[in-house]
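Enquirer: First the structure, which I've put down as structure tokens, then a few questions once you've had a look.
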There are 2 protein chains.
Amino acid sequence: MAVTKRPTLADVAARAGLSKTAVSLVLNNRPGSRLSADAVARIHEAARDLNYRPNAQARSLRLGTTGTVGFISDDVTVTRFASAMIRGLLDAADESDRGVLIAETFNHPKQLGKAMEAMADRQVDGLIFGALSARLIDLPPLPEGMRAVTVNCVNPDIPVAVLPSEEEAGYAVTRHLLDAGHRDGIAIIGNAPVARTTPRISVTIGRRFDGIHRALDEAGVTPAAVADIEEWEPWNGYDGAKAVLDSGAPVTALLCLNDRVAFGAQQAMQEKGLRVPDDLSIASFDDDQIAAYLRPGLTTARLPYLEMGRRALELLLDPDPTPGEHLVQMPLQVRGSIRSLT
Amino acid sequence: MAVTKRPTLADVAARAGLSKTAVSLVLNNRPGSRLSADAVARIHEAARDLNYRPNAQARSLRLGTTGTVGFISDDVTVTRFASAMIRGLLDAADESDRGVLIAETFNHPKQLGKAMEAMADRQVDGLIFGALSARLIDLPPLPEGMRAVTVNCVNPDIPVAVLPSEEEAGYAVTRHLLDAGHRDGIAIIGNAPVARTTPRISVTIGRRFDGIHRALDEAGVTPAAVADIEEWEPWNGYDGAKAVLDSGAPVTALLCLNDRVAFGAQQAMQEKGLRVPDDLSIASFDDDQIAAYLRPGLTTARLPYLEMGRRALELLLDPDPTPGEHLVQMPLQVRGSIRSLT
DNA sequence: TTCCGGTGCTGAAAGGTTTTAGCACTGACG
DNA sequence: CGTCAGTGCTAAAACCTTTCAGCACCGGAA
């Protein structure tokens, strides 16, 4: 018993009693091809009967286009919530029937080159570069004529980039605290003197601060304290918050620079017997998973990875996208961590 | 100025002054093809000069094999730590120079069918099916002759499956508690009367319990309490732990059925002013990210997603893999949440 | 001389698709 | 009757690779 092979165009043609040309014309319903209604019907019927699906390699070979895009990132697929970026990509890809080929480089330049070659060999129609933190990335030269978009990162060779709208978010979160009546009791947990001015670490984090300070300045408010912390992990948040609380500054709210920091800050509060939000409010950024796990939930500005991934793919497929940064709004997730003082 | 096209085999042949056949033979260094050392050298030189890379579509068309595998899952890529599965896959794929095409179905049968067709159209050499929870999944019939492996799920049509070694982990975690001197003070937070017997929810969770009870029985220990909870989210853990603590049972350790439950249990403890591990020890499963964020860190049995992904790809490429379940060990991550009573 | 095996290489087909150029026929128009 | 436009369809080339079959030559053996 022979293995039943996939039917080809020729099989459909034979069954319909017509030529391969006719079948191709009909199935791709090319305008300007005038086949009799009868022929069209016979072809469709034959294709259905045989369960015909075109061979993508053959088509690619002929067309020079594969209907596949590549996603190359340092560590996105694999890490935390940033993987939502992939989801957005996949959703959008699915809608336009593209396949998505992925590769991770773990910040290894050699891996990066290899991944790019592998993608080029497979003739992807475009490349999306992602990164875990929104930074300036280095890339080897792109293959001639290769379309590309960066998402959550930037590169001088690639004109279109998708980034989170950090300035706006910084403003919105701070505004939210101010609107709840917090004024001079706002302490900022997190600082980034180096990252702010080092694009290779982050191109957006400075904007988060800019937004915060725009809101504070507008309201004529000075922060009660600013905790300097090296990194933005829970243990750093713990240390930072502890220092602020120990200092005895009259604090009503902790504005934490991300959720992991907020999580650590909350641990420090708990140790002191302080409760959220009754004793102290907390606002934050990112909407990491823990933001929803905490009790009460954290009010935080969500990093819109899903939307960014989707947007990146749309821009990649757009025949002429407007160059420059495409900022995606960071929506405020209001939960129970902020107490109204009014 | 013409766009410089990718060089083809013919270009290399022309530059080397030989035939395409010769070039193909040499570049794939086919055994049995006897070309002069001079010819071989000229071909390699020409290929290098032109920066020749073979066209994957053309090769696939000829060979009927693409060097690409597909990964289809319900929600894996996109969700937290399970995405490590992808990392393992990608690592292994990279080592054997395969591409990985991914698709997520979000449990939509229609999406699943579509994804499988898309993969089949692109002629992937094999398909890996993943799921977020280790359950029995339904699949439309596989294309004739398509190789397949399931990872973190099972399907009757697919003989080779990769699963975490839950029984062993249940035993190990419990044993760890017992070895630390905890006996009749062990309370189990989490239950799964339905899931245990419903493969469509989980095929492995029962084994986790089996391992726990094997260890307890061996030691002649009866749990101090078992908290019945609906789901295994932090809020359920909170409720369950609270109930146990309120009951006044003489508890020395909480054996939580996963980290999110443990997280919630810890919140309940904090409310009562109880500290980990001084007042109460906690052991758990999964090694979700929060396990490392908690203070102290959670001692937990890690779901080995990375290794499972890698294993799945290796099995997919294995010409004749041994059928059946391939269990991957769940290593114990020892952190500070367990107090030794000895 | 013929035959033969070995050496070094190549022509052409095949894989499945899209597309260009064009064939054969009909009916209308001059 | 010749021409011409339109209609319905097809042959063949092209995309780039791999591989089968075989060519031309040479030296040695019969």
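Scheme for the structure tokens: letters A, B, ... for chains in order shown; per-chain residue numbers from 1; ligand numbers from 1 in order shown.
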Could you produce a table of the residues of chain C lying within 10 Å of range 27-50 of chain B, with the nearest pair of atoms per residue and their separation in Å rounded to one decimal, using only C-alpha atoms (C1' of nucleotides), ordered by chain and increasing residue number, as JSON lines?
Expert:
```
{"residue": "C:DT7", "atom": "C1'", "partner": "B:Arg34", "partner_atom": "CA", "distance": 7.6}
{"residue": "C:DG8", "atom": "C1'", "partner": "B:Leu35", "partner_atom": "CA", "distance": 5.9}
{"residue": "C:DC9", "atom": "C1'", "partner": "B:Leu35", "partner_atom": "CA", "distance": 7.5}
```
Enquirer: Create the file for the chosen residues now, containing C-alpha atoms (C1' of nucleotides) and written as a compact mmCIF listing (two decimals), in the first residue's frame.
Expert:
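The resulting file, again_5.txt, is reproduced below:
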```txt
# COMPACT_ATOMS: atom_id res chain seq x y z
C1' DT C 7 39.03 8.86 -13.14
C1' DG C 8 37.10 13.40 -13.49
C1' DC C 9 33.54 15.62 -14.72
```
Enquirer: For the strand (DSSP E or B) assignment from backbone DSSP, which residues of range 206-301 of chain B qualify? Please present them as a PDB file with all heavy atoms, in the first residue's frame.
Expert:
```pdb
ATOM      1  N   ALA B 225      -3.452  18.216  58.538  1.00  0.00           N
ATOM      2  CA  ALA B 225      -4.668  18.755  57.917  1.00  0.00           C
ATOM      3  C   ALA B 225      -4.484  18.710  56.414  1.00  0.00           C
ATOM      4  O   ALA B 225      -3.360  18.655  55.916  1.00  0.00           O
ATOM      5  CB  ALA B 225      -4.893  20.201  58.370  1.00  0.00           C
ATOM      6  N   VAL B 226      -5.590  18.712  55.706  1.00  0.00           N
ATOM      7  CA  VAL B 226      -5.542  18.847  54.251  1.00  0.00           C
ATOM      8  C   VAL B 226      -6.541  19.923  53.874  1.00  0.00           C
ATOM      9  O   VAL B 226      -7.728  19.813  54.186  1.00  0.00           O
ATOM     10  CB  VAL B 226      -5.909  17.534  53.545  1.00  0.00           C
ATOM     11  CG1 VAL B 226      -5.967  17.753  52.038  1.00  0.00           C
ATOM     12  CG2 VAL B 226      -4.900  16.430  53.873  1.00  0.00           C
ATOM     13  N   ALA B 227      -6.045  20.987  53.242  1.00  0.00           N
ATOM     14  CA  ALA B 227      -6.942  22.075  52.859  1.00  0.00           C
ATOM     15  C   ALA B 227      -7.498  21.818  51.474  1.00  0.00           C
ATOM     16  O   ALA B 227      -6.753  21.671  50.508  1.00  0.00           O
ATOM     17  CB  ALA B 227      -6.197  23.408  52.902  1.00  0.00           C
ATOM     18  N   ALA B 253       4.572  22.596  59.355  1.00  0.00           N
ATOM     19  CA  ALA B 253       4.982  22.871  57.971  1.00  0.00           C
ATOM     20  C   ALA B 253       3.768  22.841  57.053  1.00  0.00           C
ATOM     21  O   ALA B 253       2.849  22.038  57.236  1.00  0.00           O
ATOM     22  CB  ALA B 253       6.000  21.843  57.506  1.00  0.00           C
ATOM     23  N   LEU B 254       3.795  23.740  56.062  1.00  0.00           N
ATOM     24  CA  LEU B 254       2.765  23.718  55.030  1.00  0.00           C
ATOM     25  C   LEU B 254       3.364  23.118  53.768  1.00  0.00           C
ATOM     26  O   LEU B 254       4.343  23.644  53.229  1.00  0.00           O
ATOM     27  CB  LEU B 254       2.272  25.140  54.749  1.00  0.00           C
ATOM     28  CG  LEU B 254       1.683  25.902  55.942  1.00  0.00           C
ATOM     29  CD1 LEU B 254       1.267  27.316  55.516  1.00  0.00           C
ATOM     30  CD2 LEU B 254       0.484  25.153  56.518  1.00  0.00           C
ATOM     31  N   LEU B 255       2.778  22.041  53.322  1.00  0.00           N
ATOM     32  CA  LEU B 255       3.208  21.446  52.061  1.00  0.00           C
ATOM     33  C   LEU B 255       2.222  21.943  51.007  1.00  0.00           C
ATOM     34  O   LEU B 255       1.091  21.465  50.923  1.00  0.00           O
ATOM     35  CB  LEU B 255       3.182  19.924  52.174  1.00  0.00           C
ATOM     36  CG  LEU B 255       3.544  19.122  50.933  1.00  0.00           C
ATOM     37  CD1 LEU B 255       4.793  19.652  50.261  1.00  0.00           C
ATOM     38  CD2 LEU B 255       3.755  17.653  51.301  1.00  0.00           C
ATOM     39  N   CYS B 256       2.650  22.930  50.230  1.00  0.00           N
ATOM     40  CA  CYS B 256       1.737  23.570  49.281  1.00  0.00           C
ATOM     41  C   CYS B 256       1.878  22.930  47.913  1.00  0.00           C
ATOM     42  O   CYS B 256       2.985  22.652  47.459  1.00  0.00           O
ATOM     43  CB  CYS B 256       2.046  25.061  49.187  1.00  0.00           C
ATOM     44  SG  CYS B 256       1.796  25.898  50.759  1.00  0.00           S
ATOM     45  N   SER B 281       7.289  26.128  58.458  1.00  0.00           N
ATOM     46  CA  SER B 281       8.044  25.891  57.226  1.00  0.00           C
ATOM     47  C   SER B 281       7.081  25.800  56.049  1.00  0.00           C
ATOM     48  O   SER B 281       5.902  25.470  56.216  1.00  0.00           O
ATOM     49  CB  SER B 281       8.844  24.596  57.336  1.00  0.00           C
ATOM     50  OG  SER B 281       9.799  24.686  58.374  1.00  0.00           O
ATOM     51  N   ILE B 282       7.610  26.079  54.862  1.00  0.00           N
ATOM     52  CA  ILE B 282       6.801  25.906  53.648  1.00  0.00           C
ATOM     53  C   ILE B 282       7.608  25.148  52.606  1.00  0.00           C
ATOM     54  O   ILE B 282       8.764  25.485  52.342  1.00  0.00           O
ATOM     55  CB  ILE B 282       6.366  27.261  53.049  1.00  0.00           C
ATOM     56  CG1 ILE B 282       5.456  28.029  54.026  1.00  0.00           C
ATOM     57  CG2 ILE B 282       5.626  27.045  51.727  1.00  0.00           C
ATOM     58  CD1 ILE B 282       4.775  29.241  53.406  1.00  0.00           C
ATOM     59  N   ALA B 283       6.988  24.142  52.019  1.00  0.00           N
ATOM     60  CA  ALA B 283       7.597  23.467  50.865  1.00  0.00           C
ATOM     61  C   ALA B 283       6.576  23.506  49.746  1.00  0.00           C
ATOM     62  O   ALA B 283       5.375  23.649  49.999  1.00  0.00           O
ATOM     63  CB  ALA B 283       7.955  22.034  51.210  1.00  0.00           C
ATOM     64  N   SER B 284       7.071  23.366  48.531  1.00  0.00           N
ATOM     65  CA  SER B 284       6.155  23.618  47.432  1.00  0.00           C
ATOM     66  C   SER B 284       6.624  22.958  46.138  1.00  0.00           C
ATOM     67  O   SER B 284       7.617  22.225  46.112  1.00  0.00           O
ATOM     68  CB  SER B 284       6.031  25.137  47.313  1.00  0.00           C
ATOM     69  OG  SER B 284       5.464  25.514  46.121  1.00  0.00           O
ATOM     70  N   PHE B 285       5.912  23.241  45.077  1.00  0.00           N
ATOM     71  CA  PHE B 285       6.238  22.674  43.763  1.00  0.00           C
ATOM     72  C   PHE B 285       6.212  23.750  42.675  1.00  0.00           C
ATOM     73  O   PHE B 285       5.481  24.734  42.812  1.00  0.00           O
ATOM     74  CB  PHE B 285       5.204  21.610  43.378  1.00  0.00           C
ATOM     75  CG  PHE B 285       5.235  20.399  44.248  1.00  0.00           C
ATOM     76  CD1 PHE B 285       4.481  20.371  45.412  1.00  0.00           C
ATOM     77  CD2 PHE B 285       6.017  19.301  43.920  1.00  0.00           C
ATOM     78  CE1 PHE B 285       4.503  19.248  46.233  1.00  0.00           C
ATOM     79  CE2 PHE B 285       6.038  18.177  44.736  1.00  0.00           C
ATOM     80  CZ  PHE B 285       5.279  18.150  45.900  1.00  0.00           C
ATOM     81  N   ASP B 286       6.957  23.528  41.640  1.00  0.00           N
ATOM     82  CA  ASP B 286       6.955  24.296  40.386  1.00  0.00           C
ATOM     83  C   ASP B 286       8.187  25.180  40.185  1.00  0.00           C
ATOM     84  O   ASP B 286       8.706  25.265  39.091  1.00  0.00           O
ATOM     85  CB  ASP B 286       5.717  25.185  40.230  1.00  0.00           C
ATOM     86  CG  ASP B 286       4.442  24.391  39.978  1.00  0.00           C
ATOM     87  OD1 ASP B 286       4.499  23.144  40.059  1.00  0.00           O
ATOM     88  OD2 ASP B 286       3.404  25.008  39.713  1.00  0.00           O
ATOM     89  N   THR B 299      11.532  26.712  49.157  1.00  0.00           N
ATOM     90  CA  THR B 299      12.079  25.413  48.765  1.00  0.00           C
ATOM     91  C   THR B 299      11.000  24.686  47.973  1.00  0.00           C
ATOM     92  O   THR B 299       9.880  24.496  48.443  1.00  0.00           O
ATOM     93  CB  THR B 299      12.480  24.592  50.000  1.00  0.00           C
ATOM     94  OG1 THR B 299      13.609  25.223  50.615  1.00  0.00           O
ATOM     95  CG2 THR B 299      12.853  23.169  49.610  1.00  0.00           C
ATOM     96  N   THR B 300      11.347  24.308  46.769  1.00  0.00           N
ATOM     97  CA  THR B 300      10.318  23.847  45.832  1.00  0.00           C
ATOM     98  C   THR B 300      10.927  22.897  44.798  1.00  0.00           C
ATOM     99  O   THR B 300      12.132  22.934  44.567  1.00  0.00           O
ATOM    100  CB  THR B 300       9.692  25.085  45.148  1.00  0.00           C
ATOM    101  OG1 THR B 300       8.613  24.689  44.320  1.00  0.00           O
ATOM    102  CG2 THR B 300      10.708  25.821  44.293  1.00  0.00           C
ATOM    103  N   ALA B 301      10.093  22.035  44.241  1.00  0.00           N
ATOM    104  CA  ALA B 301      10.582  21.121  43.198  1.00  0.00           C
ATOM    105  C   ALA B 301      10.307  21.762  41.847  1.00  0.00           C
ATOM    106  O   ALA B 301       9.164  22.036  41.502  1.00  0.00           O
ATOM    107  CB  ALA B 301       9.886  19.774  43.291  1.00  0.00           C
TER     108      ALA B 301
END
```
Enquirer: Name all residues at most 12 Å from DA11 in chain D (count only C-alpha atoms (C1' of nucleotides); drop same-chain ones fewer than 3 positions away) and give them as a CSV table (one decimal) with C-alpha atoms (C1' of nucleotides), in the first residue's frame.
Expert:
```csv
chain,number,residue,atom,x,y,z
A,19,SER,CA,-4.2,22.3,-17.4
A,20,LYS,CA,-2.0,23.2,-14.4
A,21,THR,CA,-2.2,26.8,-15.6
A,22,ALA,CA,-5.9,26.9,-15.4
C,19,DT,C1',3.4,33.4,-15.3
C,20,DT,C1',4.4,34.8,-20.1
C,21,DA,C1',3.3,34.1,-24.5
C,22,DG,C1',0.4,32.3,-27.6
C,23,DC,C1',-2.9,28.8,-29.8
```
Enquirer: Extract, using only C-alpha atoms (C1' of nucleotides), all DNA, RNA and protein residues at most 12 Å from DC4 in chain C, discarding same-chain residues fewer than 4 positions from it, and format them as a ChimeraX atom specification.
Expert: /D:26-30
Enquirer: Mind dumping the selected residues with C-alpha atoms (C1' of nucleotides) as an mmCIF file, in the first residue's frame?
Expert:
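As a result, result02.cif now contains:
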```
data_model
loop_
_atom_site.group_PDB
_atom_site.id
_atom_site.type_symbol
_atom_site.label_atom_id
_atom_site.label_comp_id
_atom_site.auth_asym_id
_atom_site.auth_seq_id
_atom_site.Cartn_x
_atom_site.Cartn_y
_atom_site.Cartn_z
ATOM 1 C "C1'" DC D 26 43.613 7.019 -20.236
ATOM 2 C "C1'" DG D 27 46.388 3.064 -19.147
ATOM 3 C "C1'" DG D 28 46.699 -1.697 -18.888
ATOM 4 C "C1'" DA D 29 45.326 -6.388 -20.009
ATOM 5 C "C1'" DA D 30 44.002 -9.889 -23.349
#
```
Enquirer: Counting only C-alpha atoms, give me one row per residue of chain B with an atom at most 7 Å from an atom of chain A, showing the shortest contact pair and its distance in Å to one decimal, sorted by chain then residue number, as CSV.
Expert:
```
residue,atom,partner,partner_atom,distance
B:Arg53,CA,A:Asp121,CA,7.0
B:Asn55,CA,A:Asp121,CA,6.0
B:Ala56,CA,A:Arg122,CA,5.4
B:Gln57,CA,A:Gln57,CA,5.1
B:Ala58,CA,A:Leu61,CA,6.0
B:Ser60,CA,A:Gln57,CA,6.7
B:Leu61,CA,A:Gln57,CA,5.8
B:Thr77,CA,A:Thr77,CA,6.6
B:Val78,CA,A:Ser83,CA,5.1
B:Thr79,CA,A:Ser83,CA,6.9
B:Arg80,CA,A:Arg80,CA,5.0
B:Phe81,CA,A:Arg80,CA,6.6
B:Ser83,CA,A:Val78,CA,5.0
B:Ala84,CA,A:Val78,CA,5.3
B:Ile86,CA,A:Val78,CA,6.7
B:Arg87,CA,A:Val78,CA,5.8
B:Leu90,CA,A:Ala103,CA,6.7
B:Gly99,CA,A:Leu101,CA,6.8
B:Val100,CA,A:Leu101,CA,5.6
B:Leu101,CA,A:Leu101,CA,4.5
B:Ile102,CA,A:Val100,CA,6.0
B:Ala103,CA,A:Leu90,CA,6.7
B:Asp121,CA,A:Ala56,CA,5.7
B:Arg122,CA,A:Ala56,CA,5.3
B:Pro234,CA,A:Tyr293,CA,6.4
B:Tyr293,CA,A:Pro234,CA,6.4
```
Enquirer: Take the residues that were just selected and, keeping N, CA, C and O atoms, output them as a JSON list (two decimals), in the first residue's frame.
Expert:
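The result, written out as result03.json:
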```json
[["chain", "number", "residue", "atom", "x", "y", "z"],
["B", 53, "ARG", "N", 25.24, 31.11, -0.08],
["B", 53, "ARG", "CA", 24.48, 30.29, 0.88],
["B", 53, "ARG", "C", 23.34, 29.66, 0.10],
["B", 53, "ARG", "O", 22.64, 30.34, -0.63],
["B", 55, "ASN", "N", 19.92, 28.17, -1.22],
["B", 55, "ASN", "CA", 18.53, 28.57, -1.08],
["B", 55, "ASN", "C", 17.73, 27.43, -0.45],
["B", 55, "ASN", "O", 17.59, 26.36, -1.02],
["B", 56, "ALA", "N", 17.25, 27.72, 0.74],
["B", 56, "ALA", "CA", 16.59, 26.66, 1.49],
["B", 56, "ALA", "C", 15.31, 26.15, 0.82],
["B", 56, "ALA", "O", 15.00, 24.97, 0.89],
["B", 57, "GLN", "N", 14.58, 27.05, 0.17],
["B", 57, "GLN", "CA", 13.33, 26.60, -0.45],
["B", 57, "GLN", "C", 13.63, 25.59, -1.55],
["B", 57, "GLN", "O", 12.98, 24.56, -1.67],
["B", 58, "ALA", "N", 14.61, 25.95, -2.38],
["B", 58, "ALA", "CA", 14.92, 25.08, -3.51],
["B", 58, "ALA", "C", 15.38, 23.72, -3.01],
["B", 58, "ALA", "O", 14.96, 22.67, -3.51],
["B", 60, "SER", "N", 14.67, 22.37, -0.15],
["B", 60, "SER", "CA", 13.53, 21.66, 0.44],
["B", 60, "SER", "C", 12.67, 21.03, -0.64],
["B", 60, "SER", "O", 12.20, 19.91, -0.51],
["B", 61, "LEU", "N", 12.49, 21.80, -1.67],
["B", 61, "LEU", "CA", 11.62, 21.31, -2.75],
["B", 61, "LEU", "C", 12.18, 20.01, -3.30],
["B", 61, "LEU", "O", 11.47, 19.04, -3.49],
["B", 77, "THR", "N", 4.05, 29.53, 25.01],
["B", 77, "THR", "CA", 5.04, 30.54, 24.68],
["B", 77, "THR", "C", 4.85, 31.77, 25.50],
["B", 77, "THR", "O", 5.79, 32.49, 25.84],
["B", 78, "VAL", "N", 3.61, 31.97, 25.80],
["B", 78, "VAL", "CA", 3.15, 33.25, 26.21],
["B", 78, "VAL", "C", 3.07, 33.32, 27.71],
["B", 78, "VAL", "O", 2.93, 34.39, 28.29],
["B", 79, "THR", "N", 3.21, 32.21, 28.34],
["B", 79, "THR", "CA", 2.91, 32.23, 29.74],
["B", 79, "THR", "C", 4.13, 31.95, 30.59],
["B", 79, "THR", "O", 4.73, 30.88, 30.53],
["B", 80, "ARG", "N", 4.48, 32.95, 31.35],
["B", 80, "ARG", "CA", 5.43, 32.82, 32.42],
["B", 80, "ARG", "C", 6.48, 31.77, 32.20],
["B", 80, "ARG", "O", 7.02, 31.59, 31.13],
["B", 81, "PHE", "N", 6.68, 31.05, 33.26],
["B", 81, "PHE", "CA", 7.84, 30.16, 33.28],
["B", 81, "PHE", "C", 7.74, 28.98, 32.33],
["B", 81, "PHE", "O", 8.74, 28.42, 31.95],
["B", 83, "SER", "N", 7.40, 29.14, 29.46],
["B", 83, "SER", "CA", 8.08, 29.52, 28.24],
["B", 83, "SER", "C", 9.52, 28.98, 28.22],
["B", 83, "SER", "O", 10.14, 28.94, 27.17],
["B", 84, "ALA", "N", 10.00, 28.55, 29.34],
["B", 84, "ALA", "CA", 11.33, 27.93, 29.35],
["B", 84, "ALA", "C", 11.35, 26.71, 28.45],
["B", 84, "ALA", "O", 12.39, 26.31, 27.93],
["B", 86, "ILE", "N", 10.17, 26.53, 25.55],
["B", 86, "ILE", "CA", 10.61, 27.04, 24.26],
["B", 86, "ILE", "C", 12.12, 27.21, 24.24],
["B", 86, "ILE", "O", 12.78, 26.90, 23.27],
["B", 87, "ARG", "N", 12.63, 27.72, 25.32],
["B", 87, "ARG", "CA", 14.07, 27.92, 25.35],
["B", 87, "ARG", "C", 14.81, 26.62, 25.11],
["B", 87, "ARG", "O", 15.75, 26.56, 24.32],
["B", 90, "LEU", "N", 14.55, 25.72, 21.52],
["B", 90, "LEU", "CA", 15.36, 26.56, 20.65],
["B", 90, "LEU", "C", 16.83, 26.20, 20.78],
["B", 90, "LEU", "O", 17.56, 26.14, 19.80],
["B", 99, "GLY", "N", 15.28, 25.25, 12.15],
["B", 99, "GLY", "CA", 14.46, 26.41, 12.46],
["B", 99, "GLY", "C", 13.27, 25.96, 13.26],
["B", 99, "GLY", "O", 12.88, 24.79, 13.20],
["B", 100, "VAL", "N", 12.68, 26.87, 14.01],
["B", 100, "VAL", "CA", 11.48, 26.52, 14.77],
["B", 100, "VAL", "C", 10.36, 27.50, 14.43],
["B", 100, "VAL", "O", 10.51, 28.70, 14.54],
["B", 101, "LEU", "N", 9.28, 26.92, 13.99],
["B", 101, "LEU", "CA", 8.10, 27.68, 13.63],
["B", 101, "LEU", "C", 7.12, 27.51, 14.77],
["B", 101, "LEU", "O", 6.87, 26.38, 15.19],
["B", 102, "ILE", "N", 6.58, 28.61, 15.31],
["B", 102, "ILE", "CA", 5.70, 28.41, 16.44],
["B", 102, "ILE", "C", 4.30, 28.93, 16.20],
["B", 102, "ILE", "O", 4.07, 29.82, 15.39],
["B", 103, "ALA", "N", 3.36, 28.34, 16.91],
["B", 103, "ALA", "CA", 1.98, 28.80, 16.84],
["B", 103, "ALA", "C", 1.30, 28.51, 18.17],
["B", 103, "ALA", "O", 1.62, 27.52, 18.83],
["B", 121, "ASP", "N", 1.72, 22.76, 5.47],
["B", 121, "ASP", "CA", 1.97, 23.45, 4.20],
["B", 121, "ASP", "C", 3.43, 23.87, 4.09],
["B", 121, "ASP", "O", 4.01, 23.85, 3.03],
["B", 122, "ARG", "N", 3.99, 24.25, 5.21],
["B", 122, "ARG", "CA", 5.39, 24.69, 5.20],
["B", 122, "ARG", "C", 6.31, 23.50, 5.33],
["B", 122, "ARG", "O", 7.50, 23.64, 5.53],
["B", 234, "PRO", "N", -2.99, 32.13, 44.17],
["B", 234, "PRO", "CA", -2.59, 32.67, 45.47],
["B", 234, "PRO", "C", -3.76, 32.85, 46.42],
["B", 234, "PRO", "O", -3.66, 32.54, 47.61],
["B", 293, "TYR", "N", 11.39, 35.14, 44.64],
["B", 293, "TYR", "CA", 11.15, 36.51, 45.09],
["B", 293, "TYR", "C", 10.77, 36.57, 46.56],
["B", 293, "TYR", "O", 10.96, 37.59, 47.22]]
```
Enquirer: Set out as JSON lines a contact list for chain C and chain A with a cut-off of 10 Å, giving each residue of chain C that qualifies its closest atom pair and distance in Å to one decimal, counting only C-alpha atoms (C1' of nucleotides), ordered by chain and rising residue number.
Expert:
```
{"residue": "C:DG15", "atom": "C1'", "partner": "A:Ala58", "partner_atom": "CA", "distance": 8.0}
{"residue": "C:DG16", "atom": "C1'", "partner": "A:Ala58", "partner_atom": "CA", "distance": 5.0}
{"residue": "C:DT17", "atom": "C1'", "partner": "A:Arg59", "partner_atom": "CA", "distance": 4.8}
{"residue": "C:DT18", "atom": "C1'", "partner": "A:Arg62", "partner_atom": "CA", "distance": 6.4}
{"residue": "C:DT19", "atom": "C1'", "partner": "A:Thr21", "partner_atom": "CA", "distance": 8.6}
```
Enquirer: Take the residues from that selection and write them out as a PDB file, in the first residue's frame, keeping C-alpha atoms (C1' of nucleotides).
Expert:
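Generated output (result-v9.pdb):
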```pdb
ATOM      1  C1'  DG C  15      10.537  18.658  -7.404  1.00  0.00           C
ATOM      2  C1'  DG C  16       5.649  22.015  -7.514  1.00  0.00           C
ATOM      3  C1'  DT C  17       4.488  26.377  -8.363  1.00  0.00           C
ATOM      4  C1'  DT C  18       3.455  30.946 -11.149  1.00  0.00           C
ATOM      5  C1'  DT C  19       3.383  33.447 -15.318  1.00  0.00           C
TER       6       DT C  19
END
```
Enquirer: Could you give me, as a tab-separated table, every chain D residue with an atom at most 12 Å from chain A, plus its closest atom pair and distance in Å to one decimal, counting only C-alpha atoms (C1' of nucleotides), rows ordered by chain then number?
Expert:
```
residue	atom	partner	partner_atom	distance
D:DG6	C1'	A:Arg34	CA	10.6
D:DT7	C1'	A:Arg34	CA	7.5
D:DG8	C1'	A:Leu35	CA	5.9
D:DC9	C1'	A:Ala22	CA	7.4
D:DT10	C1'	A:Ser19	CA	6.3
D:DA11	C1'	A:Thr21	CA	9.4
D:DA12	C1'	A:Thr21	CA	10.7
D:DA13	C1'	A:Arg62	CA	11.5
D:DA14	C1'	A:Arg62	CA	7.5
D:DC15	C1'	A:Arg62	CA	4.5
D:DC16	C1'	A:Leu61	CA	7.5
D:DT17	C1'	A:Leu61	CA	10.4
```
Enquirer: With a distance cut-off of 10 Å and only C-alpha atoms (C1' of nucleotides), select the neighbouring residues of range 195-202 of chain B, excluding the residue or stretch itself and same-chain residues fewer than 3 positions from it, and output the selection as a VMD selection string.
Expert: chain B and resid 133 to 138 152 to 154 191 to 192 205 to 209
Enquirer: Mind listing the helix (DSSP H, G or I) residues of range 130-338 of chain B, per DSSP on the backbone, as a PyMOL selection string?
Expert: chain B and resi 166-179+195-197+205-219+234-246+259-271+289-293+305-317
Enquirer: Measure the distance from CA of Asp239 in chain B to CA of Gly181 in chain B in Å and round it to one decimal.
Expert: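 Taking CA of Asp239 in chain B and CA of Gly181 in chain B, their separation equals 26.4 Å.
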Enquirer: Using Å and a single decimal, report how far CA of Asp125 in chain B sits from CA of Ile72 in chain A.
Expert: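 Distance reported for this atom pair: 21.5 Å.
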Enquirer: So how many Å separate CA of Pro323 in chain A and CA of Glu167 in chain A, to one decimal?
Expert: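 Atom-to-atom, CA of Pro323 in chain A to CA of Glu167 in chain A, that is 20.0 Å.
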